[in-house]
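First up is the structure itself, then whatever we jot down about it.
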Number of protein chains: 2
Amino acid sequence: MENLQVHIVISQELYTKNPESSALGKKIVSRSIEMIDELGFEAFTFKKLGQSIGSNESSIYRYFESKHMLLVYLICWYWSWVEYRLVFSTNNIPSKKDKLNAAIEILTRKVDVDNSFSYIDEIILNRIIIAESSKAYHTKDIDSENEKGYYKVYKRVVQRVSNMVTEISPDFEYPNMLISTVIEGAHQQRYFSKHLPSLTDVTEGKNCIVKFYTDLVFKVINC
Amino acid sequence: MENLQVHIVISQELYTKNPESSALGKKIVSRSIEMIDELGFEAFTFKKLGQSIGSNESSIYRYFESKHMLLVYLICWYWSWVEYRLVFSTNNIPSKKDKLNAAIEILTRKVDVDNSFSYIDEIILNRIIIAESSKAYHTKDIDSENEKGYYKVYKRVVQRVSNMVTEISPDFEYPNMLISTVIEGAHQQRYFSKHLPSLTDVTEGKNCIVKFYTDLVFKVINC
DNA sequence: AGTTTTTGATAGTATTACTATTATATTTGT
DNA sequence: ACAAATATAATAGTAATACTATCAAAAACT
């Protein structure tokens with residue numbers, strides 16, 4: 001990421017106290033990422049996290065209202081980071097098709113380099129998004145949380161890429177449906193390839209998920 | 001469903017005592033479907049279910065080991081039912097393309113008629129599958145549960161439709177990826193259209209999800 | 001040095017996801 | 001019709017979870 005001092009800013013509604021404002025806050029975020037990945041979201045608790053970082057459960061509650069809100073925070077961070085890479089990588093590409101192509105690659109490829117964005121390990125965070133993020137929005141509170149704007153960054157990412165589709169094919173009726181299918185589908189396929197391989201056709205080594213969805217998009221919009 | 005006396009048989013590993021073997025068992029299944037839909041899977045408990053059907057928590061545990069296993073049971077029932085409809089609706093269609101077309105319709109359209117398959121409300125069950133089924137397989141136990149065959153019916157549905165794709169386009173490399181993308185995508189889009197509408201382009205009334213995915217499949221496999 | 005802010009420790013609550021035991025119905029076989 | 005077998009209900013109990021509340025200690029700023 002070129003060593004730029006870019007900083008991801010997260011909406012205040014997602015935390016009680018900004019975890020970026022202290023060493024403890026950063027430790028909470030970075031260690032929670034590791035622990036959710038290790039234990040799974042269900043078995044992860046603030047008590048265990050406190051023990052692991054030599055702090056107290058009650059201190060963690062001062063940063064995040066609940067473990068649900070911590071997950072929402074992580075999801076928001078992730079999509080802000082994706083949005084940043086998306087804008088950065090597609091900027092100044094003159095050809096509309098090359099631009100969309102670059103965008104799809106950002107959305108579908110495996111995160112395999114930790115870009116060392118401060119204290120967050122993006123490789124592990126990517127795994128959490130794949131395995132756990134659907135639990136954040138598959139709840140009874142989805143509508144009120146959506147109104148509060150918890151998912152706006154994700155929606156903006158979809159919108160940005162949908163706009164690229166519309167630039168190429170102005171008459172295509174379902175750009176949002178197409179892009180959200182691609183984003184969710186690519187995540188799903190990575191999970192399936194590891195745990196339910198017969199649902200997919202992933203061959204080791206080859207980057208077939210990127211290939212499949214890139215091809216899919218251009219065929220669907222008639223190019 | 002033509003009033004056929006067809007019966008969906010569920011693998012023994014998914015229950016402790018077969019819920020079909022008694023009135024109480026059936027009541028547990030049918031009321032649990034309603035309650036999971038009303039409360040969401042997290043807030044649903046065996047205690048509440050017991051109270052609601054005038055039975056006891058401990059009696060429910062005699063049928064299902066845990067609420068997770070009940071969900072797995074419901075998912076298995078649902079895919080068995082889809083498989084039945086799939087085979088029924090695509091049987092004897094001579095044209096390969098018409099056959100695939102019929103299959104995609106079964107997989108992507110909204111379930112809006114309760115086919116009154118005994119005591120199970122398929123409309124509500126379909127909503128549960130859309131909103132809750134990812135919670136069944138996004139756990140740390142996925143690999144051992146998959147080995148035990150908990151998800152084999154779902155995998156078989158994907159396989160059946162993948163085979164139809166391969167019949168039409170033998171050289172297409174990713175039939176499983178395509179079909180699992182379509183199935184999961186269609187569910188996702190129905191959820192989004194209700195709760196995160198900006199991620200989709202669904203217009204009221206029109207059956208655009210079916211249209212979108214049908215078009216997608218035939219374009220991707222070059223027809 | 002004093003004040004504010006942050007953190008830690010402890011305790012407590014209601015609920016959950018179970019297990020175990022025993023009593024009471026209900027069904028079934030003869 | 002009656003005993004035996006089986007199914008269900010009622011109760012109690014456990015360890016863990018997802019918090020909240022309170023207060024003391026430590027750090028940080030002024």
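Following the order of the structure tokens, chains are lettered A, B, ..., residues in each are numbered from 1, and ligands are numbered from 1.
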Closest atom pairs, chain A residues within 12 Å of chain D, only C-alpha atoms (C1' of nucleotides), as CSV:
residue,atom,partner,partner_atom,distance
A:Glu42,CA,D:DT17,C1',10.3
A:Ala43,CA,D:DT17,C1',9.8
A:Phe44,CA,D:DT17,C1',10.4
A:Thr45,CA,D:DT17,C1',8.1
A:Phe46,CA,D:DA18,C1',8.9
A:Lys47,CA,D:DT17,C1',9.5
A:Lys48,CA,D:DT17,C1',11.3
A:Glu57,CA,D:DC19,C1',10.1
A:Ser58,CA,D:DT20,C1',9.3
A:Ile60,CA,D:DC19,C1',11.7
A:Tyr61,CA,D:DC19,C1',9.0
A:Arg62,CA,D:DT20,C1',11.6
A:Phe64,CA,D:DC19,C1',11.8
A:Glu65,CA,D:DC19,C1',9.3
A:Ser66,CA,D:DA18,C1',8.0
A:Lys67,CA,D:DA18,C1',8.9
A:His68,CA,D:DA18,C1',10.8
Using C-alpha atoms, can you export the residues from the last selection as an mmCIF file, in the first residue's frame?
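Written file, out-v5.cif:
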data_model
loop_
_atom_site.group_PDB
_atom_site.id
_atom_site.type_symbol
_atom_site.label_atom_id
_atom_site.label_comp_id
_atom_site.auth_asym_id
_atom_site.auth_seq_id
_atom_site.Cartn_x
_atom_site.Cartn_y
_atom_site.Cartn_z
ATOM 1 C CA GLU A 42 -20.144 -18.027 19.170
ATOM 2 C CA ALA A 43 -17.373 -19.245 21.467
ATOM 3 C CA PHE A 44 -15.628 -15.879 21.542
ATOM 4 C CA THR A 45 -16.458 -13.841 24.662
ATOM 5 C CA PHE A 46 -15.311 -10.564 26.182
ATOM 6 C CA LYS A 47 -14.241 -12.455 29.278
ATOM 7 C CA LYS A 48 -11.872 -14.684 27.289
ATOM 8 C CA GLU A 57 -14.115 -7.798 30.775
ATOM 9 C CA SER A 58 -15.563 -4.557 32.124
ATOM 10 C CA ILE A 60 -13.791 -4.018 27.058
ATOM 11 C CA TYR A 61 -17.426 -3.079 27.584
ATOM 12 C CA ARG A 62 -16.264 0.508 27.845
ATOM 13 C CA PHE A 64 -17.939 -1.857 22.727
ATOM 14 C CA GLU A 65 -21.517 -2.205 23.866
ATOM 15 C CA SER A 66 -21.612 -5.896 22.970
ATOM 16 C CA LYS A 67 -19.780 -8.473 20.945
ATOM 17 C CA HIS A 68 -22.327 -7.938 18.207
#
Distance query Ser89 (chain A) at most 9 Å, only C-alpha atoms (C1' of nucleotides), self and fewer than 5 positions along chain excluded, as a PDB file with N, CA and C atoms, in the first residue's frame:
ATOM      1  N   TYR A  84     -11.259   1.732   0.142  1.00  0.00           N
ATOM      2  CA  TYR A  84     -10.033   2.481  -0.099  1.00  0.00           C
ATOM      3  C   TYR A  84      -9.201   1.822  -1.204  1.00  0.00           C
ATOM      4  N   LYS A  99     -11.284  -0.953 -15.803  1.00  0.00           N
ATOM      5  CA  LYS A  99     -11.644  -0.452 -14.474  1.00  0.00           C
ATOM      6  C   LYS A  99     -12.532  -1.468 -13.743  1.00  0.00           C
ATOM      7  N   ALA A 102     -10.585  -4.508 -12.760  1.00  0.00           N
ATOM      8  CA  ALA A 102      -9.760  -4.279 -11.566  1.00  0.00           C
ATOM      9  C   ALA A 102     -10.618  -4.305 -10.301  1.00  0.00           C
ATOM     10  N   ALA A 103     -11.811  -3.737 -10.395  1.00  0.00           N
ATOM     11  CA  ALA A 103     -12.719  -3.721  -9.249  1.00  0.00           C
ATOM     12  C   ALA A 103     -13.127  -5.137  -8.850  1.00  0.00           C
ATOM     13  N   ILE A 106     -10.409  -6.884  -6.971  1.00  0.00           N
ATOM     14  CA  ILE A 106     -10.337  -6.445  -5.557  1.00  0.00           C
ATOM     15  C   ILE A 106     -11.421  -7.139  -4.726  1.00  0.00           C
TER      16      ILE A 106
END
Exercise for the section: Please report as a list of chain:residue names which residues of chain A come no farther than 7 Å from chain B, using only C-alpha atoms. Expected result: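 Here they are: A:Gly40, A:Ala131, A:Glu132, A:Lys135, A:His138, A:Thr139, A:Lys140, A:Ile142, A:Asp143, A:Lys155, A:Val158, A:Tyr174, A:Asn176, A:Met177, A:Ser180, A:Thr181, A:Gly185, A:His195, A:Ser198, A:Leu199, A:Thr200, A:Asp201, A:Leu216, A:Lys219, A:Val220.
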Take the residues from that selection and put them in a file with N, CA and C atoms, as a compact mmCIF listing (two decimals), in the first residue's frame.
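File again11.txt, as written:
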# COMPACT_ATOMS: atom_id res chain seq x y z
N GLY A 40 -14.20 -18.97 16.63
CA GLY A 40 -15.51 -18.75 16.03
C GLY A 40 -16.28 -17.73 16.86
N ALA A 131 -16.44 -15.91 7.15
CA ALA A 131 -17.09 -16.92 7.99
C ALA A 131 -18.16 -16.35 8.91
N GLU A 132 -18.04 -15.10 9.32
CA GLU A 132 -18.91 -14.61 10.39
C GLU A 132 -19.81 -13.43 10.03
N LYS A 135 -23.64 -13.32 10.18
CA LYS A 135 -24.29 -13.34 11.50
C LYS A 135 -24.61 -11.93 11.99
N HIS A 138 -27.94 -11.07 9.82
CA HIS A 138 -29.08 -11.99 9.93
C HIS A 138 -29.63 -12.00 11.35
N THR A 139 -30.11 -10.87 11.78
CA THR A 139 -30.72 -10.78 13.11
C THR A 139 -32.04 -10.05 12.99
N LYS A 140 -32.80 -10.09 14.06
CA LYS A 140 -34.09 -9.41 14.08
C LYS A 140 -33.93 -7.88 14.12
N ILE A 142 -31.96 -6.12 12.22
CA ILE A 142 -31.37 -5.63 10.98
C ILE A 142 -31.98 -4.30 10.50
N ASP A 143 -33.30 -4.18 10.57
CA ASP A 143 -33.92 -2.97 10.00
C ASP A 143 -33.54 -1.71 10.77
N LYS A 155 -22.74 -0.91 1.53
CA LYS A 155 -23.65 -0.52 0.45
C LYS A 155 -22.97 0.43 -0.54
N VAL A 158 -20.81 -1.57 -2.95
CA VAL A 158 -21.65 -2.17 -4.00
C VAL A 158 -22.05 -1.10 -5.02
N TYR A 174 -29.96 -4.78 -13.71
CA TYR A 174 -29.70 -5.29 -12.35
C TYR A 174 -28.26 -5.16 -11.86
N ASN A 176 -26.91 -3.71 -9.17
CA ASN A 176 -26.71 -3.96 -7.74
C ASN A 176 -26.81 -5.45 -7.42
N MET A 177 -27.82 -6.07 -8.01
CA MET A 177 -28.01 -7.51 -7.83
C MET A 177 -26.78 -8.26 -8.31
N SER A 180 -23.70 -7.46 -5.84
CA SER A 180 -23.81 -8.09 -4.52
C SER A 180 -23.75 -9.62 -4.64
N THR A 181 -24.25 -10.15 -5.74
CA THR A 181 -24.11 -11.59 -5.99
C THR A 181 -22.63 -11.98 -6.11
N GLY A 185 -21.02 -14.10 -3.32
CA GLY A 185 -20.69 -15.38 -3.95
C GLY A 185 -19.22 -15.73 -3.81
N HIS A 195 -14.61 -26.02 3.21
CA HIS A 195 -15.43 -26.83 4.12
C HIS A 195 -16.50 -27.68 3.46
N SER A 198 -17.64 -29.99 -2.37
CA SER A 198 -18.42 -30.45 -3.50
C SER A 198 -19.38 -29.38 -4.02
N LEU A 199 -19.53 -28.27 -3.28
CA LEU A 199 -20.38 -27.18 -3.78
C LEU A 199 -19.63 -26.27 -4.74
N THR A 200 -18.36 -26.54 -4.94
CA THR A 200 -17.58 -25.63 -5.76
C THR A 200 -16.72 -26.44 -6.73
N ASP A 201 -15.88 -25.77 -7.50
CA ASP A 201 -15.02 -26.48 -8.44
C ASP A 201 -13.62 -25.88 -8.37
N LEU A 216 -18.20 -14.12 -15.46
CA LEU A 216 -19.64 -14.03 -15.23
C LEU A 216 -20.15 -12.60 -15.45
N LYS A 219 -20.03 -11.49 -19.13
CA LYS A 219 -21.03 -12.19 -19.95
C LYS A 219 -22.43 -11.69 -19.65
N VAL A 220 -22.73 -11.48 -18.38
CA VAL A 220 -24.08 -11.06 -18.01
C VAL A 220 -24.41 -9.67 -18.57
Exercise for the section: Return the neighbours of chain A among the residues of chain C, cut-off 9 Å, counting only C-alpha atoms (C1' of nucleotides), as a list in words. Expected result: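 Residues satisfying the distance criterion: DT7, DG8 and DA9 of chain C.
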Exercise for the section: Once DSSP has gone over the backbone, tell me which residues of chain B are in alpha helix (DSSP H), as a ChimeraX atom specification. Expected result: /B:23-39,46-52,57-61,67-90,96-108,122-137,142-147,152-168,175-195,208-220
Completion exercise
Shortest contact to Val9 (chain B), candidates B:Trp77, B:Cys223, B:Tyr63, B:Ile53, atoms counted only C-alpha atoms, goes to B:Trp77
